[in-house]
Each structure stands twice: as structure tokens, then as C-alpha cells.
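Structure file structure-v3.cif (mmCIF, C-alpha atoms) follows.
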data_structure
loop_
_atom_site.label_atom_id
_atom_site.label_comp_id
_atom_site.auth_asym_id
_atom_site.auth_seq_id
_atom_site.Cartn_x
_atom_site.Cartn_y
_atom_site.Cartn_z
CA MET A 8 -15.25 24.59 -24.63
CA ALA A 9 -13.37 21.42 -25.45
CA VAL A 10 -13.30 18.10 -23.64
CA LEU A 11 -11.20 17.30 -20.57
CA HIS A 12 -9.72 13.81 -20.79
CA THR A 13 -8.36 12.10 -17.70
CA THR A 14 -6.10 9.06 -17.56
CA ASN A 15 -5.09 7.25 -14.37
CA LYS A 16 -2.88 4.34 -15.49
CA SER A 17 0.89 4.24 -15.71
CA PRO A 18 1.97 4.72 -19.34
CA LEU A 19 4.64 2.06 -18.75
CA GLN A 20 2.06 -0.61 -17.90
CA THR A 21 -0.86 0.21 -20.17
CA ARG A 22 -1.37 2.01 -23.48
CA ASP A 23 -4.32 4.08 -22.26
CA LEU A 24 -2.51 7.35 -22.77
CA GLU A 25 -1.54 6.39 -26.31
CA SER A 26 -5.15 5.48 -27.08
CA CYS A 27 -6.30 8.69 -25.54
CA LEU A 28 -3.93 10.68 -27.77
CA ARG A 29 -4.93 8.71 -30.86
CA LEU A 30 -8.65 9.13 -30.30
CA THR A 31 -8.77 12.74 -29.14
CA ARG A 32 -8.81 15.94 -31.12
CA PRO A 33 -6.35 18.82 -31.07
CA GLY A 34 -7.41 21.55 -28.69
CA CYS A 35 -8.59 19.22 -25.94
CA SER A 36 -7.06 18.97 -22.47
CA ILE A 37 -5.58 15.88 -20.84
CA LEU A 38 -5.11 15.53 -17.08
CA LEU A 39 -2.75 12.83 -15.82
CA LEU A 40 -3.72 11.58 -12.37
CA GLU A 41 -3.05 8.67 -10.00
CA ASP A 42 -0.58 6.24 -11.64
CA ALA A 43 -0.70 8.24 -14.90
CA VAL A 44 1.45 10.96 -13.27
CA TYR A 45 4.52 8.90 -14.20
CA GLY A 46 3.71 9.91 -17.77
CA ALA A 47 4.63 13.50 -16.92
CA LEU A 48 8.17 12.74 -15.71
CA LYS A 49 11.30 13.87 -17.48
CA SER A 50 13.15 10.85 -16.09
CA ILE A 51 11.29 8.41 -18.33
CA GLU A 52 12.72 8.60 -21.84
CA ALA A 53 9.63 7.10 -23.44
CA ASN A 54 7.53 10.04 -22.20
CA ALA A 55 9.12 12.47 -24.64
CA LYS A 56 7.35 10.77 -27.55
CA LEU A 57 3.98 11.01 -25.86
CA VAL A 58 4.42 14.65 -25.02
CA ASP A 59 5.50 15.34 -28.58
CA ALA A 60 2.31 13.71 -29.82
CA ALA A 61 0.37 15.97 -27.50
CA LYS A 62 1.82 19.27 -28.72
CA ASP A 63 -1.56 20.51 -29.85
CA ARG A 64 -3.27 19.54 -26.57
CA ARG A 65 -2.98 21.09 -23.14
CA LEU A 66 -1.46 18.69 -20.62
CA TYR A 67 -1.94 18.78 -16.86
CA VAL A 68 -0.73 16.59 -14.01
CA LEU A 69 -2.24 16.31 -10.53
CA GLY A 70 0.26 17.55 -7.92
CA PRO A 71 -0.91 15.55 -4.87
CA ASP A 72 -0.59 12.29 -6.84
CA LEU A 73 2.90 13.33 -7.94
CA ALA A 74 3.97 14.07 -4.34
CA ALA A 75 2.51 10.80 -3.05
CA ARG A 76 4.78 8.94 -5.47
CA GLY A 77 7.86 10.86 -4.39
CA PHE A 78 8.23 13.36 -7.25
CA THR A 79 8.34 17.16 -7.33
CA PRO A 80 7.03 19.65 -9.94
CA GLU A 81 10.67 20.27 -10.97
CA GLU A 82 10.77 16.70 -12.31
CA VAL A 83 7.82 17.29 -14.64
CA ILE A 84 8.34 17.81 -18.39
CA ALA A 85 8.21 21.49 -19.37
CA GLY A 86 4.85 22.37 -20.83
CA ILE A 87 2.86 20.09 -18.52
CA GLU A 88 1.11 22.18 -15.88
CA VAL A 89 0.92 20.89 -12.30
CA VAL A 90 -2.51 21.46 -10.73
CA ASP A 91 -3.92 20.78 -7.27
CA TYR A 92 -7.43 19.54 -6.48
CA GLY A 93 -8.80 23.07 -6.81
CA GLY A 94 -7.22 23.27 -10.25
CA PHE A 95 -8.81 19.91 -11.12
CA VAL A 96 -12.23 21.31 -10.21
CA ASP A 97 -11.57 24.44 -12.29
CA LEU A 98 -10.63 22.29 -15.29
CA VAL A 99 -13.82 20.27 -14.94
CA ALA A 100 -15.87 23.47 -14.76
CA GLU A 101 -14.09 25.01 -17.77
CA HIS A 102 -14.66 22.06 -20.10
CA HIS A 103 -18.02 21.01 -21.46
CA HIS A 104 -17.53 17.46 -20.37
CA VAL A 105 -15.03 15.03 -18.88
CA GLN A 106 -13.99 11.78 -20.48
CA ALA A 107 -12.17 9.32 -18.24
CA TRP A 108 -9.84 6.81 -19.93
CA VAL A 109 -10.01 4.20 -17.22
CA MET B 2 -21.57 -1.53 15.05
CA THR B 3 -18.38 -0.34 16.61
CA ALA B 4 -17.31 -0.73 20.21
CA ALA B 5 -15.87 2.07 22.29
CA VAL B 6 -13.55 2.74 25.19
CA ALA B 7 -15.19 5.05 27.73
CA LEU B 8 -12.91 7.81 29.01
CA LYS B 9 -13.87 10.35 31.67
CA ASP B 10 -15.19 12.90 29.24
CA LYS B 11 -15.74 11.03 25.98
CA GLU B 12 -15.72 7.72 24.16
CA VAL B 13 -13.24 6.58 21.52
CA ALA B 14 -14.22 4.04 18.88
CA VAL B 15 -12.44 0.70 18.71
CA ASP B 16 -12.84 -2.32 16.44
CA GLU B 17 -14.25 -5.69 17.48
CA GLU B 18 -10.87 -6.68 18.94
CA GLY B 19 -10.42 -3.47 20.87
CA TYR B 20 -7.94 -1.66 18.60
CA LEU B 21 -8.46 2.05 17.98
CA ILE B 22 -10.32 2.82 14.76
CA ASN B 23 -8.72 6.25 14.47
CA LEU B 24 -5.09 6.22 15.61
CA ALA B 25 -5.25 9.97 16.24
CA ASP B 26 -7.71 9.34 19.11
CA TRP B 27 -4.88 8.04 21.28
CA ASN B 28 -3.70 9.67 24.48
CA GLU B 29 -2.29 8.25 27.71
CA ASP B 30 -5.77 8.12 29.20
CA VAL B 31 -6.84 5.75 26.41
CA ALA B 32 -3.98 3.40 27.30
CA ARG B 33 -4.73 3.59 31.05
CA THR B 34 -8.43 2.94 30.47
CA MET B 35 -7.81 -0.02 28.15
CA ALA B 36 -5.41 -1.50 30.71
CA ALA B 37 -7.80 -0.89 33.60
CA ASP B 38 -10.49 -2.76 31.63
CA ASP B 39 -8.03 -5.70 31.62
CA ASN B 40 -7.39 -5.20 35.38
CA ILE B 41 -3.88 -3.95 34.76
CA ALA B 42 -2.40 -0.81 36.32
CA LEU B 43 0.25 0.52 33.97
CA THR B 44 3.71 0.88 35.48
CA SER B 45 6.78 2.63 34.09
CA ASN B 46 7.85 -0.74 32.64
CA HIS B 47 4.60 -0.92 30.68
CA TRP B 48 5.01 2.65 29.49
CA GLU B 49 8.52 1.95 28.32
CA VAL B 50 7.15 -0.68 25.92
CA ILE B 51 4.11 1.36 24.92
CA ASN B 52 6.23 4.41 24.15
CA PHE B 53 8.70 2.27 22.26
CA LEU B 54 5.88 0.91 20.09
CA ARG B 55 4.54 4.39 19.38
CA GLU B 56 7.99 5.54 18.29
CA TYR B 57 8.46 2.43 16.16
CA TYR B 58 5.14 2.98 14.43
CA ALA B 59 5.82 6.68 13.84
CA GLU B 60 9.11 5.75 12.20
CA TYR B 61 8.10 2.71 10.15
CA GLN B 62 4.27 2.67 9.95
CA VAL B 63 4.37 -0.94 11.10
CA ALA B 64 3.01 -2.51 14.29
CA PRO B 65 5.86 -4.96 14.90
CA ALA B 66 5.31 -8.69 15.29
CA ILE B 67 6.30 -10.23 18.64
CA ARG B 68 9.68 -11.49 17.43
CA VAL B 69 10.55 -8.10 16.00
CA LEU B 70 9.37 -6.31 19.14
CA THR B 71 11.40 -8.57 21.42
CA LYS B 72 14.54 -8.10 19.37
CA ALA B 73 14.11 -4.35 19.02
CA ILE B 74 13.40 -3.88 22.74
CA GLY B 75 16.52 -5.89 23.49
CA LYS B 76 18.55 -3.63 21.26
CA LYS B 77 17.17 -0.48 22.86
CA LEU B 78 16.58 -1.41 26.51
CA GLY B 79 18.94 -4.33 27.04
CA PRO B 80 18.67 -8.13 27.08
CA GLU B 81 16.99 -8.29 30.50
CA LYS B 82 13.97 -6.60 28.88
CA GLY B 83 14.31 -7.94 25.35
CA ASN B 84 13.02 -11.42 26.09
CA SER B 85 9.57 -12.93 25.91
CA LYS B 86 9.39 -13.88 29.61
CA TYR B 87 9.76 -10.26 30.71
CA LEU B 88 7.34 -8.99 28.06
CA TYR B 89 4.72 -11.68 28.77
CA GLU B 90 4.81 -10.77 32.46
CA LEU B 91 3.97 -7.20 31.54
CA PHE B 92 1.44 -8.08 28.85
CA PRO B 93 0.01 -11.54 29.60
CA TYR B 94 -2.38 -11.48 26.61
CA GLY B 95 0.57 -11.43 24.20
CA PRO B 96 3.08 -8.59 24.29
CA ALA B 97 2.77 -7.43 20.71
CA LYS B 98 -1.01 -7.74 20.49
CA GLN B 99 -1.82 -6.24 23.88
CA ALA B 100 0.86 -3.56 23.98
CA CYS B 101 0.03 -2.43 20.44
CA ARG B 102 -3.59 -2.09 21.48
CA TYR B 103 -2.70 0.09 24.49
CA ALA B 104 -0.33 2.09 22.29
CA GLY B 105 -3.16 2.89 19.88
CA LEU B 106 -1.57 0.95 17.03
CA PRO B 107 -3.28 -1.49 14.68
CA LYS B 108 -3.02 -5.19 15.44
CA PRO B 109 0.42 -6.44 14.38
CA THR B 110 0.43 -7.99 10.92
CA GLY B 111 0.69 -11.75 11.14
CA CYS B 112 -0.91 -12.06 14.58
CA ILE B 113 -3.93 -14.31 14.91
CA MET C 29 0.49 -24.49 8.40
CA SER C 30 -0.70 -28.01 9.15
CA ASP C 31 0.97 -30.51 11.47
CA THR C 32 1.56 -32.86 8.56
CA GLU C 33 4.06 -30.37 7.25
CA ALA C 34 6.22 -30.56 10.38
CA ASP C 35 9.34 -32.68 10.17
CA GLU C 36 10.25 -35.46 12.63
CA GLY C 37 11.75 -32.99 15.06
CA GLY C 38 8.41 -31.15 15.14
CA ASN C 39 9.84 -28.18 13.29
CA ARG C 40 7.69 -26.42 10.76
CA LYS C 41 8.88 -26.51 7.22
CA VAL C 42 10.36 -23.29 5.93
CA LYS C 43 9.45 -22.55 2.35
CA ARG C 44 11.15 -20.17 -0.03
CA PHE C 45 8.63 -17.47 -0.91
CA MET C 46 9.18 -14.89 -3.60
CA ILE C 47 6.93 -11.85 -3.74
CA VAL C 48 7.03 -10.20 -7.17
CA ASN C 49 6.00 -6.53 -7.04
CA ARG C 50 5.06 -5.08 -10.42
CA LYS C 51 2.63 -2.27 -9.56
CA ALA C 52 3.15 1.34 -8.56
CA PRO C 53 2.01 2.29 -5.05
CA TYR C 54 -1.33 4.05 -4.23
CA GLY C 55 -3.02 3.76 -7.65
CA THR C 56 -4.01 0.20 -6.78
CA ILE C 57 -3.98 -1.81 -3.55
CA TYR C 58 -1.46 -4.40 -4.78
CA ALA C 59 1.69 -2.83 -3.30
CA LEU C 60 0.18 -2.54 0.18
CA GLU C 61 -1.28 -6.05 0.03
CA ALA C 62 2.08 -7.48 -1.03
CA LEU C 63 3.74 -5.77 1.93
CA GLU C 64 1.19 -7.33 4.28
CA VAL C 65 1.89 -10.77 2.85
CA VAL C 66 5.63 -10.22 3.28
CA LEU C 67 5.21 -9.26 6.94
CA ILE C 68 2.90 -12.21 7.59
CA GLY C 69 5.33 -14.61 5.92
CA ALA C 70 8.18 -13.24 7.98
CA ALA C 71 6.12 -13.47 11.19
CA PHE C 72 5.78 -17.19 10.40
CA ASP C 73 9.55 -17.49 9.92
CA GLN C 74 9.33 -18.16 6.20
CA ASP C 75 12.19 -17.44 3.82
CA MET C 76 11.03 -14.29 2.02
CA THR C 77 12.53 -12.83 -1.13
CA LEU C 78 11.19 -9.60 -2.64
CA VAL C 79 11.50 -8.64 -6.27
CA PHE C 80 10.63 -5.21 -7.62
CA ALA C 81 10.13 -5.03 -11.37
CA ASP C 82 8.23 -2.83 -13.84
CA ASP C 83 6.35 -0.07 -11.98
CA GLY C 84 6.93 -2.03 -8.77
CA VAL C 85 10.29 -0.25 -8.48
CA TYR C 86 8.34 2.94 -7.75
CA GLN C 87 7.24 1.42 -4.44
CA LEU C 88 10.77 2.04 -3.17
CA LYS C 89 11.09 5.62 -4.46
CA LYS C 90 12.33 8.05 -1.82
CA GLY C 91 10.37 11.14 -0.83
CA GLN C 92 6.78 9.85 -0.93
CA GLN C 93 4.39 12.41 0.61
CA THR C 94 0.82 11.14 0.76
CA LYS C 95 -0.88 13.82 2.87
CA GLY C 96 -2.43 15.35 -0.24
CA ILE C 97 -4.15 12.16 -1.36
CA GLY C 98 -5.34 11.14 2.12
CA GLN C 99 -3.75 7.67 2.00
CA LYS C 100 -1.35 6.08 4.43
CA ASN C 101 2.28 6.49 3.37
CA PHE C 102 3.49 2.92 3.78
CA SER C 103 6.89 3.50 2.19
CA PRO C 104 8.69 3.79 5.59
CA SER C 105 7.67 0.18 6.23
CA TYR C 106 10.22 -1.09 3.71
CA ARG C 107 12.90 0.22 6.08
CA ALA C 108 11.53 -2.07 8.83
CA LEU C 109 12.01 -5.22 6.73
CA GLY C 110 15.51 -5.69 8.18
CA ASP C 111 13.95 -6.04 11.65
CA TYR C 112 11.91 -8.92 10.20
CA ASP C 113 15.14 -10.51 8.90
CA ILE C 114 14.08 -9.84 5.33
CA GLU C 115 17.30 -9.00 3.56
CA LYS C 116 16.73 -10.36 0.06
CA LEU C 117 15.45 -7.39 -1.91
CA TYR C 118 16.07 -7.47 -5.65
CA VAL C 119 15.33 -4.79 -8.22
CA GLU C 120 15.29 -5.51 -11.92
CA ARG C 121 17.96 -3.44 -13.68
CA GLU C 122 15.93 -3.01 -16.88
CA SER C 123 12.94 -1.62 -14.97
CA LEU C 124 15.08 0.81 -13.04
CA GLN C 125 16.79 2.07 -16.20
CA ALA C 126 13.54 2.47 -18.14
CA ARG C 127 12.38 4.80 -15.37
CA GLY C 128 15.58 6.79 -15.16
CA LEU C 129 16.12 5.68 -11.56
CA ALA C 130 19.31 4.73 -9.75
CA PRO C 131 19.70 2.70 -6.52
CA GLU C 132 20.34 6.03 -4.69
CA ASP C 133 16.75 7.03 -5.48
CA LEU C 134 15.45 4.10 -3.43
CA LEU C 135 14.53 4.00 0.27
CA VAL C 136 16.45 0.84 1.13
CA PRO C 137 19.60 -0.92 -0.05
CA VAL C 138 18.74 -3.42 -2.77
CA ARG C 139 20.56 -5.76 -5.10
CA VAL C 140 20.13 -4.83 -8.73
CA LEU C 141 19.90 -7.84 -11.03
CA GLY C 142 19.21 -8.27 -14.72
CA SER C 143 16.07 -10.06 -15.87
CA ALA C 144 18.01 -13.20 -16.85
CA GLU C 145 19.47 -13.53 -13.32
CA LEU C 146 16.08 -12.85 -11.76
CA SER C 147 14.39 -15.54 -13.80
CA VAL C 148 16.92 -18.07 -12.47
CA LEU C 149 16.19 -16.93 -8.91
CA MET C 150 12.47 -17.25 -9.60
CA ASP C 151 12.88 -20.87 -10.65
CA GLU C 152 14.54 -21.69 -7.32
CA GLN C 153 11.52 -20.71 -5.20
CA ASP C 154 8.92 -22.97 -3.64
CA VAL C 155 6.19 -20.36 -3.99
CA VAL C 156 6.04 -17.25 -6.16
CA LEU C 157 3.32 -14.72 -5.44
CA SER C 158 2.80 -11.99 -7.99
CA PHE C 159 1.29 -8.61 -7.15
#
Write out the structure in this file as C-alpha cells.
Amino acid sequence: MAVLHTTNKSPLQTRDLESCLRLTRPGCSILLLEDAVYGALKSIEANAKLVDAAKDRRLYVLGPDLAARGFTPEEVIAGIEVVDYGGFVDLVAEHHHVQAWV
Amino acid sequence: MTAAVALKDKEVAVDEEGYLINLADWNEDVARTMAADDNIALTSNHWEVINFLREYYAEYQVAPAIRVLTKAIGKKLGPEKGNSKYLYELFPYGPAKQACRYAGLPKPTGCI
Amino acid sequence: MSDTEADEGGNRKVKRFMIVNRKAPYGTIYALEALEVVLIGAAFDQDMTLVFADDGVYQLKKGQQTKGIGQKNFSPSYRALGDYDIEKLYVERESLQARGLAPEDLLVPVRVLGSAELSVLMDEQDVVLSF
């Protein structure tokens, strides 16, 4: 099974997510957590480009981090799946390793 | 090493200045015991301030500084209670510091 | 503050402090630390101005629910700033727009200023602390 990539920085303050997309292969999964959850929001115009670049990856966002920052699953871009901590654990178990883009 | 306040049936942990480590440990017995350790018997006037602080913290997540407490008490309970003389008589170790401690709140930010 | 900074009447000098908030809450400790500094400054009767720019505007986003991440939700504290006589809250217009946010999405009333106006305000301060 493919690699699970995690990013935890806001895409508006760092380019970690861009690097992650550039250096990963189609078929992998990317989980946005902590401040990276802003990257999953419809309200940020710049996110559309990132999501477009990730068409051939599976994208996930961590729900509790979204809620902490005052956003609901309805505000997440279609195609990005909201997972809870249990879902995070499942993703880790399903992939052969985890690469954190810290 | 943490200190503790000894209640009838259990102990609750406090920091080196006597503030509760875990805010959820608070009950009225904790306040009474802390006050008794300072040789103070809590009256309804004390409770008025303690309850006010608990409500303030629940609403704003802030242990108010003395100036803020005085002003807010004045707004809620009237000018005869919203002044430092009245509050210092109730809480001689410093109204904000001491009352926050009895109320199970953290030490007010900006207090030394 | 030292005695040497008191004026002839024995009054302490009031300085103009600006706290510049540029980080989102919870992911790092900066937002919470900045809030502490603001409350301390106000407790010492200093003239406090708060600026929220870049991801710092997210600190003021309504509806924060932190139970799931096991951290203290400190967002209600911004609503207590008025009690501390802190009324100068500025949000950078460009940052707000880039995030698709409007003033109605924020927990407290703020003044929205453009970056050019904010930079003028920044120059007028005695101390600027960036978080």
C-alpha cells in the first residue's frame, strides 16, 4: 500500500503542502492536520489550485483540528474526506509508512 | 513535587502558590478549606465574589486582574462593592489573587 | 518598570505597545502567549494595540471548539479585552480577504485597515512585539 503523507503547517504561511505535492507520487494519501487544515477550506481561493494538483492523490483532513479552528465539514472542499482520530489511526495502519512534512 | 489541599475525604493538588492544578477539582469544600487554612470563614459576601469569578472565568476563560474585577463587580453588584477597600477587607491577601485561588481559577495574568 | 521611568509626579510612564499576531491558534503557542502579554500589559496600565494579520486573523474566528484536541479554547478571552480597556483591535483587510473572511465571522468588533494604514500605525508605537 502507498505512503501516507501528513502536513501540519498552514498553506498560507509555508509552502510545505506544495513541496509535498511536488515530491510525492500519484496514488499516495495526504492528511492535513493542525494548522494545515486551512488548506482544506473552500473559503480560501488559493486552495483550489492545490486541490487540483492533488487530483490523483487521496486527501484527508483531521476533523478535531478543523473544529478547534472554528470550521465545519460543510466548509471543506468536496473530495477531501474529514476523518477523526480513529480514522487517522486507520489511515496509518492501511499505509505502509507515514511521512510527515513538518 | 506538588502541594495539596486536604479535604475531609480526599486531597486535591495545588501548585506552589496554592492554585488548583486541575480546575475540575473545585467544589465549595475546596474553597472553604483553602479559606480556613488562611483563618478566614467564608461569608455570603465572600461567596458573592467567588461565584462572580467562577462565572467570569466560565464565560471568558480569563482570571481577571484586580482592576478588571473591581470594575466588573461594581457593574454587577453596585459601587458599594465595586471598590478596592471593600474587596481588600474580604480578601486581605489581594482580592484578585486570593479570591481566584478560592474560586479554583488560575492566578490572574499580570499578578506578581 | 523601574523608578527612573517615573515622571516628576511619580506616575509611571505609559508606553504605546503594539502586539502583532500573525499565527493561527493551537498549531503553535504564539497566539496564546501573545494574549498573555496583552493582558499583562493592560494590567500594568499600558496602552495596548492589537493587530491581526496573515493567519493571525484566524485567532478571532467564531465557533472554535477545542474539546476534540484537548486544548484550552482561549478564544472567549478576546471578548474580555474590553474589560481591560483594550479597544484598539485592528485586522488587516488583505489577510481577511485572502481567507475569505468577513468581520461578521470574527468574535469581536474590530477595525479593518489596509496594510498601508497599518504600517503607519506601526511606526507610531513605542514598542512592537511580533508573535
Please determine, counting all atoms listed in the file, which residue among B:Pro80, B:Pro65, B:Pro107, B:Pro93 has the shortest atom-to-atom distance to chain C.
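The shortest atom-to-atom distance to chain C comes from B:Pro65.
Using all atoms listed in the file, the nearest neighbour of chain B within the list C:Gly128, C:Pro53, C:Gly142, C:Pro104 is C:Pro104.
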Given the PyMOL selection byres ((chain C) within 8 of (chain A)) and the file above, list the residues it selects as a list in words.
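When the PyMOL selection byres ((chain C) within 8 of (chain A)) is applied, the selected residues are Ala52, Pro53, Tyr54, Gly55, Asp82, Asp83, Tyr86, Gln87, Lys89, Lys90, Gly91, Gln92, Gln93, Thr94, Lys95, Gly96, Ile97, Asn101, Ala126, Arg127, Gly128 and Leu129 of chain C.
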Among the residues A:Val96, A:Leu30, A:Ile37, A:Val90, the one that comes closest to His12 (chain A) [using only C-alpha atoms]
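Nearest candidate to His12 (chain A) out of A:Val96, A:Leu30, A:Ile37, A:Val90: A:Ile37.
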Take the PyMOL selection byres ((chain C) within 12 of (chain B)), run it mentally on this structure, and tell me the resulting residues as JSON, numbers by chain.
{"C": [60, 61, 63, 64, 65, 66, 67, 68, 69, 70, 71, 72, 73, 74, 100, 101, 102, 103, 104, 105, 106, 107, 108, 109, 110, 111, 112, 113, 114, 135]}
Given the selection you just returned, output its residues as a file containing C-alpha atoms, formatted as a tab-separated table (two decimals), in the coordinates of the input.
chain	number	residue	atom	x	y	z
C	60	LEU	CA	0.18	-2.54	0.18
C	61	GLU	CA	-1.28	-6.05	0.03
C	63	LEU	CA	3.74	-5.77	1.93
C	64	GLU	CA	1.19	-7.33	4.28
C	65	VAL	CA	1.89	-10.77	2.85
C	66	VAL	CA	5.63	-10.22	3.28
C	67	LEU	CA	5.21	-9.26	6.94
C	68	ILE	CA	2.90	-12.21	7.59
C	69	GLY	CA	5.33	-14.61	5.92
C	70	ALA	CA	8.18	-13.24	7.98
C	71	ALA	CA	6.12	-13.47	11.19
C	72	PHE	CA	5.78	-17.19	10.40
C	73	ASP	CA	9.55	-17.49	9.92
C	74	GLN	CA	9.33	-18.16	6.20
C	100	LYS	CA	-1.35	6.08	4.43
C	101	ASN	CA	2.28	6.49	3.37
C	102	PHE	CA	3.49	2.92	3.78
C	103	SER	CA	6.89	3.50	2.19
C	104	PRO	CA	8.69	3.79	5.59
C	105	SER	CA	7.67	0.18	6.23
C	106	TYR	CA	10.22	-1.09	3.71
C	107	ARG	CA	12.90	0.22	6.08
C	108	ALA	CA	11.53	-2.07	8.83
C	109	LEU	CA	12.01	-5.22	6.73
C	110	GLY	CA	15.51	-5.69	8.18
C	111	ASP	CA	13.95	-6.04	11.65
C	112	TYR	CA	11.91	-8.92	10.20
C	113	ASP	CA	15.14	-10.51	8.90
C	114	ILE	CA	14.08	-9.84	5.33
C	135	LEU	CA	14.53	4.00	0.27
As a check of understanding, name the residues that the PyMOL selection byres ((chain B and resi 33-37) around 12) selects in the supplied structure, as a ChimeraX atom specification.
/B:5-9,11-15,18-21,27-32,38-45,47-48,51,91-94,99-105
Between CA of Val48 (chain C) and CA of Ala81 (chain C) - distance in Å to one decimal
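If I compute the distance from CA of Ala81 (chain C) to CA of Val48 (chain C), I get 7.3 Å.
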Which one is closest to Leu146 (chain C): C:Val79, C:Ile47, C:Leu134, C:Ala62? Count only C-alpha atoms.
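Among C:Val79, C:Ile47, C:Leu134, C:Ala62, it is C:Val79 that comes nearest to Leu146 (chain C).
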If you measure from CA of Leu54 (chain B) to CA of Tyr58 (chain C), what distance in Å do you get, rounded to one decimal?
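Computing the Euclidean distance for CA of Leu54 (chain B) and CA of Tyr58 (chain C) yields 26.5 Å.
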To one decimal in Å, tell me the separation between CA of Gly84 (chain C) and CA of Ser147 (chain C).
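Spanning CA of Gly84 (chain C) to CA of Ser147 (chain C) is a straight-line distance of 16.2 Å.
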